[in-house]
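One structure is given here, and the rest of the page talks about it.
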Amino acid sequence: MTRTARTGAGAEAGAEARTDARTALVELSDVSKHYGAVRALHGVSLEVHAGEITCVLGDNGAGKSTLIKIIAGLHQHGGGVLRVEGEETRLASPREALDRGIATVHQDLAVVGLMPVWRNFFLGSEPRKGAGPFKRLDVDLMRRTTREGMLRMGIDLRDVDQPIGTLSGGERQCVAIARAVHFGAKVLVLDEPTAALGVKQSGTVLKYVAAARDEGLGVVFITHNPHHAYLVGDRFVLLKRGAMAGNHTRDAITLEELTRQMAGGSELDDLRHELRRS
Amino acid sequence: MSATLERASDERILQTSPLRRLLTRPELGSVVGAIAVLVFFSLAADGFLRASSLSTVLYASSAIGIMAVPVALLMIGGEFDLSAGVLVTSSALVSSMFSYQMTADVWVGVGVSLLVTLAIGALNGYVLTRTGLPSFIVTLGTFLMLTGANLGLTKLIDGTVSTKTIADMEGFPAAHAVFASTLTVGGVGFKVTILWWLGLVAVATWILLRTRTGNWIFAVGGNKDAARAVGVPVTRTKIGLYMGVALGAWISGQHLLFSFDAVQSGEGVGNELIYIIAAVIGGCLITGGYGSAIGSAVGALLFGMTSKGIVFAEWNPDWFKFFLGAMLLLATLLNTWVRKRAEATK
């Protein structure tokens, strides 16, 4: 877990220097989004670099989902600028986001439960062989690749033919992550991958998030759990009621401070108490 | 990718018990039911196992089966089509009336009918995907409109509730041969619809299990939002499925027309439920995302065996619907139970 990039000296200055050195895979600056009269997002900036994990933290209703939808191409941003690999753009559909290397793993709609694992793995990007009316799925390749992709993430599947709904929540997340890695995603957006999971399964998923990072992907990790975020994160963007409440690199913030900022003033004492016991 | 992993994966796949593999097939419930019904009627009805009876049963099955296949695909894709039954009649009416009014070769009517029927199917799909209304409502609307239009237009154009005969028109013998002829095999006549039916089952099974489209059909029925999020063209897939039902309605409609030479405009009402029943007995999940074309064929066969078996057993045919309902319940219960067992992880 200790990588050279993280142990920068003078916190803020070091972070700035690193930002300028490379083009971010995805960069949002001052992005806003309105749904009718509701201001869902306002003045939010973040950047995602290769081999780094950017955590987006916020309570319910903070605007995390809206942020994801903009990056995933499900919704378009209203104001501000979205850059993908330095190029200013607007993602019109999930397909376009995928084509530009941005893969999103949604919390609920990651997979089709009744379909076998291998069919889920390739859904929407099925490899085919043959020609004309006999063009067909390359089933052997699909089965084999699914197993390989899962092994790469450290999961040894008993049977790629089992309906994906029979896998545990953590394993399902991993199929989705492995799928994104296999299809050459450069940016992986994870929408609360640990929200519905137990302690042990959360740990498993965090391992795969780290594995995806080590494959060189830029990861956007959305969560409301500062503990999970601090375990793997390189940058932390805090959202509150649709606006930015903080933007820190790992060197610039401690877990305690992150938790404090997440929780806000009045709830702080309770939370500190809870933390001390754990 | 590496060859060592390939070998490892193959070993794994072989380890899965064949019994469990069999239990995960959606058709299982219907196959068990079909065997039970076959045994029952071969004991209860004399001559049920004769070749001529078999031919009758298969013909009755094919009449339902041709439509049950695309209806099953549509159901796997998560939608219903309540207009399927009357669409068959509409298709036959268009074909017949166009040829008669234009005094054209019947094949022109057949072609126009194909276009019109496909357009109605596409319209069903378009309205459904465009409005986001449940398919039950959308196709109930189409069902009522078609029922009315079938009667209204036929009366308006021909003055009666049935079309004029087209038997003496050009191309009729050839069209009759394609859609409604009888093939003699070993002294027993088999209707050509049985071939159409088997062909459709084969094509649909191929599409479902071995093509990208098939993957999409399962996905849009199983989890529409997930499918859309990974880039599956949900709208196109659903419209395509409705056009598939329309294609089935066209084949059935032409058979209806060319078996005789005229069409009764009030026919077809109620058949849509029979198609759905065949698909459900065959293992299609009513909520979508699960099922098979072969299952729908077995469901249609069950239907054919029961409807003709009751006749051969010389029972009162009024009991047919009672049996059909009981079979539907039993088959669905069995399917649910089997699927739960099969999906248990260990």
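FYI, nothing fancy with the structure tokens labels: chains A, B, ... in order, residues from 1 per chain, ligands from 1 as they appear.
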DSSP-assigned strand (DSSP E or B) members of stretch 22-248 of chain A, reported as a PDB file with N, CA and C atoms, in the first residue's frame:
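Contents of the output file out32.pdb:
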ATOM      1  N   VAL A  26      -9.387  12.144 -16.757  1.00  0.00           N
ATOM      2  CA  VAL A  26     -10.654  12.859 -16.743  1.00  0.00           C
ATOM      3  C   VAL A  26     -10.504  14.055 -15.825  1.00  0.00           C
ATOM      4  N   GLU A  27     -10.956  15.188 -16.283  1.00  0.00           N
ATOM      5  CA  GLU A  27     -10.874  16.367 -15.438  1.00  0.00           C
ATOM      6  C   GLU A  27     -12.187  17.132 -15.516  1.00  0.00           C
ATOM      7  N   LEU A  28     -12.721  17.431 -14.345  1.00  0.00           N
ATOM      8  CA  LEU A  28     -13.908  18.278 -14.279  1.00  0.00           C
ATOM      9  C   LEU A  28     -13.480  19.590 -13.655  1.00  0.00           C
ATOM     10  N   SER A  29     -13.831  20.697 -14.278  1.00  0.00           N
ATOM     11  CA  SER A  29     -13.572  21.933 -13.557  1.00  0.00           C
ATOM     12  C   SER A  29     -14.829  22.791 -13.543  1.00  0.00           C
ATOM     13  N   ASP A  30     -15.196  23.124 -12.323  1.00  0.00           N
ATOM     14  CA  ASP A  30     -16.323  24.015 -12.074  1.00  0.00           C
ATOM     15  C   ASP A  30     -17.615  23.519 -12.741  1.00  0.00           C
ATOM     16  N   VAL A  31     -17.831  22.213 -12.680  1.00  0.00           N
ATOM     17  CA  VAL A  31     -18.986  21.636 -13.357  1.00  0.00           C
ATOM     18  C   VAL A  31     -20.256  21.826 -12.526  1.00  0.00           C
ATOM     19  N   SER A  32     -21.356  22.149 -13.200  1.00  0.00           N
ATOM     20  CA  SER A  32     -22.626  22.255 -12.487  1.00  0.00           C
ATOM     21  C   SER A  32     -23.728  21.561 -13.281  1.00  0.00           C
ATOM     22  N   LYS A  33     -24.812  21.246 -12.570  1.00  0.00           N
ATOM     23  CA  LYS A  33     -25.930  20.541 -13.199  1.00  0.00           C
ATOM     24  C   LYS A  33     -27.224  20.878 -12.479  1.00  0.00           C
ATOM     25  N   HIS A  34     -28.219  21.260 -13.243  1.00  0.00           N
ATOM     26  CA  HIS A  34     -29.526  21.563 -12.665  1.00  0.00           C
ATOM     27  C   HIS A  34     -30.551  20.586 -13.197  1.00  0.00           C
ATOM     28  N   TYR A  35     -31.452  20.144 -12.312  1.00  0.00           N
ATOM     29  CA  TYR A  35     -32.627  19.398 -12.752  1.00  0.00           C
ATOM     30  C   TYR A  35     -33.817  20.315 -12.512  1.00  0.00           C
ATOM     31  N   VAL A  38     -33.933  22.402  -9.327  1.00  0.00           N
ATOM     32  CA  VAL A  38     -33.054  21.819  -8.317  1.00  0.00           C
ATOM     33  C   VAL A  38     -31.594  21.922  -8.763  1.00  0.00           C
ATOM     34  N   ARG A  39     -30.766  22.490  -7.917  1.00  0.00           N
ATOM     35  CA  ARG A  39     -29.346  22.568  -8.223  1.00  0.00           C
ATOM     36  C   ARG A  39     -28.664  21.325  -7.658  1.00  0.00           C
ATOM     37  N   ALA A  40     -28.409  20.361  -8.520  1.00  0.00           N
ATOM     38  CA  ALA A  40     -27.878  19.083  -8.048  1.00  0.00           C
ATOM     39  C   ALA A  40     -26.369  19.153  -7.849  1.00  0.00           C
ATOM     40  N   LEU A  41     -25.716  19.970  -8.652  1.00  0.00           N
ATOM     41  CA  LEU A  41     -24.254  20.035  -8.604  1.00  0.00           C
ATOM     42  C   LEU A  41     -23.842  21.455  -8.939  1.00  0.00           C
ATOM     43  N   HIS A  42     -22.827  21.943  -8.215  1.00  0.00           N
ATOM     44  CA  HIS A  42     -22.454  23.339  -8.417  1.00  0.00           C
ATOM     45  C   HIS A  42     -20.965  23.527  -8.163  1.00  0.00           C
ATOM     46  N   GLY A  43     -20.262  23.939  -9.193  1.00  0.00           N
ATOM     47  CA  GLY A  43     -18.854  24.294  -9.049  1.00  0.00           C
ATOM     48  C   GLY A  43     -17.960  23.166  -8.572  1.00  0.00           C
ATOM     49  N   VAL A  44     -18.154  21.963  -9.134  1.00  0.00           N
ATOM     50  CA  VAL A  44     -17.367  20.815  -8.688  1.00  0.00           C
ATOM     51  C   VAL A  44     -16.188  20.576  -9.628  1.00  0.00           C
ATOM     52  N   SER A  45     -15.025  20.386  -9.053  1.00  0.00           N
ATOM     53  CA  SER A  45     -13.831  20.093  -9.833  1.00  0.00           C
ATOM     54  C   SER A  45     -13.170  18.841  -9.285  1.00  0.00           C
ATOM     55  N   LEU A  46     -12.694  18.008 -10.195  1.00  0.00           N
ATOM     56  CA  LEU A  46     -11.880  16.873  -9.743  1.00  0.00           C
ATOM     57  C   LEU A  46     -11.048  16.388 -10.904  1.00  0.00           C
ATOM     58  N   GLU A  47      -9.977  15.666 -10.586  1.00  0.00           N
ATOM     59  CA  GLU A  47      -9.187  15.072 -11.653  1.00  0.00           C
ATOM     60  C   GLU A  47      -8.840  13.632 -11.332  1.00  0.00           C
ATOM     61  N   VAL A  48      -8.720  12.855 -12.398  1.00  0.00           N
ATOM     62  CA  VAL A  48      -8.419  11.439 -12.263  1.00  0.00           C
ATOM     63  C   VAL A  48      -7.177  11.148 -13.077  1.00  0.00           C
ATOM     64  N   ILE A  53      -6.291   6.591  -7.413  1.00  0.00           N
ATOM     65  CA  ILE A  53      -7.696   6.464  -7.026  1.00  0.00           C
ATOM     66  C   ILE A  53      -8.183   7.799  -6.487  1.00  0.00           C
ATOM     67  N   THR A  54      -9.180   8.355  -7.151  1.00  0.00           N
ATOM     68  CA  THR A  54      -9.784   9.594  -6.679  1.00  0.00           C
ATOM     69  C   THR A  54     -11.080   9.247  -5.974  1.00  0.00           C
ATOM     70  N   CYS A  55     -11.168   9.559  -4.695  1.00  0.00           N
ATOM     71  CA  CYS A  55     -12.377   9.238  -3.947  1.00  0.00           C
ATOM     72  C   CYS A  55     -13.313  10.432  -3.930  1.00  0.00           C
ATOM     73  N   VAL A  56     -14.580  10.151  -4.162  1.00  0.00           N
ATOM     74  CA  VAL A  56     -15.588  11.203  -4.036  1.00  0.00           C
ATOM     75  C   VAL A  56     -16.454  10.841  -2.837  1.00  0.00           C
ATOM     76  N   LEU A  57     -16.387  11.700  -1.814  1.00  0.00           N
ATOM     77  CA  LEU A  57     -17.108  11.411  -0.582  1.00  0.00           C
ATOM     78  C   LEU A  57     -18.254  12.387  -0.410  1.00  0.00           C
ATOM     79  N   GLY A  58     -19.313  11.875   0.164  1.00  0.00           N
ATOM     80  CA  GLY A  58     -20.429  12.767   0.428  1.00  0.00           C
ATOM     81  C   GLY A  58     -21.576  11.981   1.010  1.00  0.00           C
ATOM     82  N   GLY A  79     -23.072  23.531 -16.635  1.00  0.00           N
ATOM     83  CA  GLY A  79     -21.994  24.503 -16.751  1.00  0.00           C
ATOM     84  C   GLY A  79     -20.643  23.851 -16.480  1.00  0.00           C
ATOM     85  N   GLY A  80     -19.569  24.587 -16.720  1.00  0.00           N
ATOM     86  CA  GLY A  80     -18.238  24.080 -16.446  1.00  0.00           C
ATOM     87  C   GLY A  80     -17.673  23.284 -17.604  1.00  0.00           C
ATOM     88  N   VAL A  81     -16.532  22.638 -17.354  1.00  0.00           N
ATOM     89  CA  VAL A  81     -15.821  21.965 -18.432  1.00  0.00           C
ATOM     90  C   VAL A  81     -15.485  20.536 -18.018  1.00  0.00           C
ATOM     91  N   LEU A  82     -15.745  19.611 -18.951  1.00  0.00           N
ATOM     92  CA  LEU A  82     -15.342  18.213 -18.759  1.00  0.00           C
ATOM     93  C   LEU A  82     -14.270  17.896 -19.784  1.00  0.00           C
ATOM     94  N   ARG A  83     -13.096  17.497 -19.293  1.00  0.00           N
ATOM     95  CA  ARG A  83     -12.028  17.136 -20.222  1.00  0.00           C
ATOM     96  C   ARG A  83     -11.712  15.656 -20.091  1.00  0.00           C
ATOM     97  N   VAL A  84     -11.616  14.990 -21.244  1.00  0.00           N
ATOM     98  CA  VAL A  84     -11.166  13.600 -21.251  1.00  0.00           C
ATOM     99  C   VAL A  84      -9.816  13.590 -21.949  1.00  0.00           C
ATOM    100  N   GLU A  87      -8.905  16.818 -23.593  1.00  0.00           N
ATOM    101  CA  GLU A  87      -9.757  17.373 -24.644  1.00  0.00           C
ATOM    102  C   GLU A  87     -11.133  17.713 -24.083  1.00  0.00           C
ATOM    103  N   GLU A  88     -11.538  18.934 -24.288  1.00  0.00           N
ATOM    104  CA  GLU A  88     -12.830  19.361 -23.764  1.00  0.00           C
ATOM    105  C   GLU A  88     -13.948  18.632 -24.508  1.00  0.00           C
ATOM    106  N   THR A  89     -14.907  18.096 -23.748  1.00  0.00           N
ATOM    107  CA  THR A  89     -15.908  17.268 -24.406  1.00  0.00           C
ATOM    108  C   THR A  89     -17.214  17.254 -23.628  1.00  0.00           C
ATOM    109  N   ILE A 102     -14.060   5.219 -20.572  1.00  0.00           N
ATOM    110  CA  ILE A 102     -14.604   5.429 -19.233  1.00  0.00           C
ATOM    111  C   ILE A 102     -15.648   4.366 -18.954  1.00  0.00           C
ATOM    112  N   ALA A 103     -15.348   3.460 -18.036  1.00  0.00           N
ATOM    113  CA  ALA A 103     -16.287   2.390 -17.705  1.00  0.00           C
ATOM    114  C   ALA A 103     -16.860   2.658 -16.330  1.00  0.00           C
ATOM    115  N   THR A 104     -18.167   2.549 -16.220  1.00  0.00           N
ATOM    116  CA  THR A 104     -18.821   2.836 -14.950  1.00  0.00           C
ATOM    117  C   THR A 104     -19.446   1.571 -14.399  1.00  0.00           C
ATOM    118  N   VAL A 105     -19.188   1.302 -13.140  1.00  0.00           N
ATOM    119  CA  VAL A 105     -19.844   0.184 -12.469  1.00  0.00           C
ATOM    120  C   VAL A 105     -20.885   0.771 -11.539  1.00  0.00           C
ATOM    121  N   PRO A 116     -25.821 -15.956 -17.411  1.00  0.00           N
ATOM    122  CA  PRO A 116     -24.564 -16.545 -16.956  1.00  0.00           C
ATOM    123  C   PRO A 116     -23.459 -15.486 -16.847  1.00  0.00           C
ATOM    124  N   ARG A 128     -17.431 -11.820 -31.965  1.00  0.00           N
ATOM    125  CA  ARG A 128     -18.116 -12.733 -32.872  1.00  0.00           C
ATOM    126  C   ARG A 128     -17.141 -13.341 -33.857  1.00  0.00           C
ATOM    127  N   LYS A 129     -17.530 -14.475 -34.424  1.00  0.00           N
ATOM    128  CA  LYS A 129     -16.757 -15.090 -35.498  1.00  0.00           C
ATOM    129  C   LYS A 129     -17.711 -15.537 -36.596  1.00  0.00           C
ATOM    130  N   ARG A 136     -21.573 -15.494 -35.465  1.00  0.00           N
ATOM    131  CA  ARG A 136     -22.072 -15.963 -34.172  1.00  0.00           C
ATOM    132  C   ARG A 136     -21.128 -15.579 -33.043  1.00  0.00           C
ATOM    133  N   LEU A 137     -21.624 -15.711 -31.829  1.00  0.00           N
ATOM    134  CA  LEU A 137     -20.805 -15.421 -30.660  1.00  0.00           C
ATOM    135  C   LEU A 137     -19.631 -16.382 -30.603  1.00  0.00           C
ATOM    136  N   PRO A 163     -25.680 -18.438 -13.253  1.00  0.00           N
ATOM    137  CA  PRO A 163     -26.269 -17.093 -13.360  1.00  0.00           C
ATOM    138  C   PRO A 163     -25.535 -16.155 -12.412  1.00  0.00           C
ATOM    139  N   VAL A 187     -10.419   4.629 -17.405  1.00  0.00           N
ATOM    140  CA  VAL A 187     -10.982   5.188 -16.182  1.00  0.00           C
ATOM    141  C   VAL A 187     -12.109   4.288 -15.706  1.00  0.00           C
ATOM    142  N   LEU A 188     -12.069   3.953 -14.435  1.00  0.00           N
ATOM    143  CA  LEU A 188     -13.081   3.090 -13.855  1.00  0.00           C
ATOM    144  C   LEU A 188     -13.843   3.905 -12.823  1.00  0.00           C
ATOM    145  N   VAL A 189     -15.160   4.014 -13.028  1.00  0.00           N
ATOM    146  CA  VAL A 189     -15.973   4.768 -12.076  1.00  0.00           C
ATOM    147  C   VAL A 189     -16.775   3.772 -11.248  1.00  0.00           C
ATOM    148  N   LEU A 190     -16.571   3.782  -9.947  1.00  0.00           N
ATOM    149  CA  LEU A 190     -17.246   2.820  -9.081  1.00  0.00           C
ATOM    150  C   LEU A 190     -18.227   3.551  -8.185  1.00  0.00           C
ATOM    151  N   ASP A 191     -19.495   3.214  -8.321  1.00  0.00           N
ATOM    152  CA  ASP A 191     -20.530   3.878  -7.551  1.00  0.00           C
ATOM    153  C   ASP A 191     -20.810   3.087  -6.277  1.00  0.00           C
ATOM    154  N   GLY A 218      -7.147   4.732 -14.002  1.00  0.00           N
ATOM    155  CA  GLY A 218      -7.544   5.794 -13.087  1.00  0.00           C
ATOM    156  C   GLY A 218      -8.888   5.404 -12.512  1.00  0.00           C
ATOM    157  N   VAL A 219      -9.028   5.495 -11.191  1.00  0.00           N
ATOM    158  CA  VAL A 219     -10.258   5.035 -10.573  1.00  0.00           C
ATOM    159  C   VAL A 219     -10.972   6.203  -9.886  1.00  0.00           C
ATOM    160  N   VAL A 220     -12.282   6.300 -10.136  1.00  0.00           N
ATOM    161  CA  VAL A 220     -13.105   7.221  -9.360  1.00  0.00           C
ATOM    162  C   VAL A 220     -13.921   6.360  -8.418  1.00  0.00           C
ATOM    163  N   PHE A 221     -13.698   6.539  -7.127  1.00  0.00           N
ATOM    164  CA  PHE A 221     -14.301   5.672  -6.136  1.00  0.00           C
ATOM    165  C   PHE A 221     -15.291   6.508  -5.322  1.00  0.00           C
ATOM    166  N   ILE A 222     -16.572   6.256  -5.570  1.00  0.00           N
ATOM    167  CA  ILE A 222     -17.589   7.043  -4.861  1.00  0.00           C
ATOM    168  C   ILE A 222     -18.023   6.283  -3.622  1.00  0.00           C
ATOM    169  N   THR A 223     -18.068   6.956  -2.508  1.00  0.00           N
ATOM    170  CA  THR A 223     -18.419   6.269  -1.271  1.00  0.00           C
ATOM    171  C   THR A 223     -18.881   7.278  -0.235  1.00  0.00           C
ATOM    172  N   ARG A 235      -6.598  10.834  -3.852  1.00  0.00           N
ATOM    173  CA  ARG A 235      -7.188  12.165  -3.753  1.00  0.00           C
ATOM    174  C   ARG A 235      -8.583  12.028  -3.170  1.00  0.00           C
ATOM    175  N   PHE A 236      -9.007  13.069  -2.486  1.00  0.00           N
ATOM    176  CA  PHE A 236     -10.321  13.014  -1.861  1.00  0.00           C
ATOM    177  C   PHE A 236     -11.099  14.271  -2.195  1.00  0.00           C
ATOM    178  N   VAL A 237     -12.243  14.085  -2.815  1.00  0.00           N
ATOM    179  CA  VAL A 237     -13.118  15.218  -3.122  1.00  0.00           C
ATOM    180  C   VAL A 237     -14.354  15.078  -2.246  1.00  0.00           C
ATOM    181  N   LEU A 238     -14.611  16.093  -1.455  1.00  0.00           N
ATOM    182  CA  LEU A 238     -15.790  16.036  -0.591  1.00  0.00           C
ATOM    183  C   LEU A 238     -16.916  16.868  -1.174  1.00  0.00           C
ATOM    184  N   LEU A 239     -18.093  16.257  -1.220  1.00  0.00           N
ATOM    185  CA  LEU A 239     -19.271  16.977  -1.714  1.00  0.00           C
ATOM    186  C   LEU A 239     -20.245  17.187  -0.567  1.00  0.00           C
ATOM    187  N   LYS A 240     -20.893  18.352  -0.614  1.00  0.00           N
ATOM    188  CA  LYS A 240     -21.916  18.614   0.398  1.00  0.00           C
ATOM    189  C   LYS A 240     -23.027  19.406  -0.271  1.00  0.00           C
ATOM    190  N   ALA A 243     -22.283  20.949  -3.618  1.00  0.00           N
ATOM    191  CA  ALA A 243     -21.106  21.794  -3.828  1.00  0.00           C
ATOM    192  C   ALA A 243     -19.862  21.127  -3.261  1.00  0.00           C
ATOM    193  N   MET A 244     -18.692  21.621  -3.673  1.00  0.00           N
ATOM    194  CA  MET A 244     -17.429  21.080  -3.173  1.00  0.00           C
ATOM    195  C   MET A 244     -17.225  21.511  -1.730  1.00  0.00           C
ATOM    196  N   ALA A 245     -16.925  20.573  -0.863  1.00  0.00           N
ATOM    197  CA  ALA A 245     -16.640  20.929   0.524  1.00  0.00           C
ATOM    198  C   ALA A 245     -15.179  20.697   0.840  1.00  0.00           C
ATOM    199  N   GLY A 246     -14.410  20.216  -0.132  1.00  0.00           N
ATOM    200  CA  GLY A 246     -12.992  19.971   0.106  1.00  0.00           C
ATOM    201  C   GLY A 246     -12.386  19.188  -1.036  1.00  0.00           C
ATOM    202  N   ASN A 247     -11.088  19.392  -1.260  1.00  0.00           N
ATOM    203  CA  ASN A 247     -10.366  18.675  -2.300  1.00  0.00           C
ATOM    204  C   ASN A 247      -8.937  18.493  -1.807  1.00  0.00           C
ATOM    205  N   HIS A 248      -8.581  17.284  -1.455  1.00  0.00           N
ATOM    206  CA  HIS A 248      -7.292  17.057  -0.816  1.00  0.00           C
ATOM    207  C   HIS A 248      -6.549  15.923  -1.491  1.00  0.00           C
TER     208      HIS A 248
END
(request) Using only C-alpha atoms, select each residue of chain B with any atom at most 6 Å away from an atom of chain A, and give the selection as a PyMOL selection string. (result) chain B and resi 6+210-211+222-223+226+229-232+345
(message) For the alpha helix (DSSP H) assignment from backbone DSSP, which residues of stretch 231-319 of chain B qualify? Please present them as a PyMOL selection string.
(response) chain B and resi 234-259+271-281+293-312
(request) Find the residues around B:Leu208 up to 10 Å (only C-alpha atoms counted), leave out those fewer than 2 positions away in its own chain, and share them as a ChimeraX atom specification. (result) /B:73,76,202-206,210-218,291-293
(request) Find the residue from A:Val205, A:Leu258, A:Ala211, A:Ile253 that sits nearest to A:Glu52; use only C-alpha atoms when measuring. (result)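 Using only C-alpha atoms, A:Glu52 sits closest to A:Ala211.
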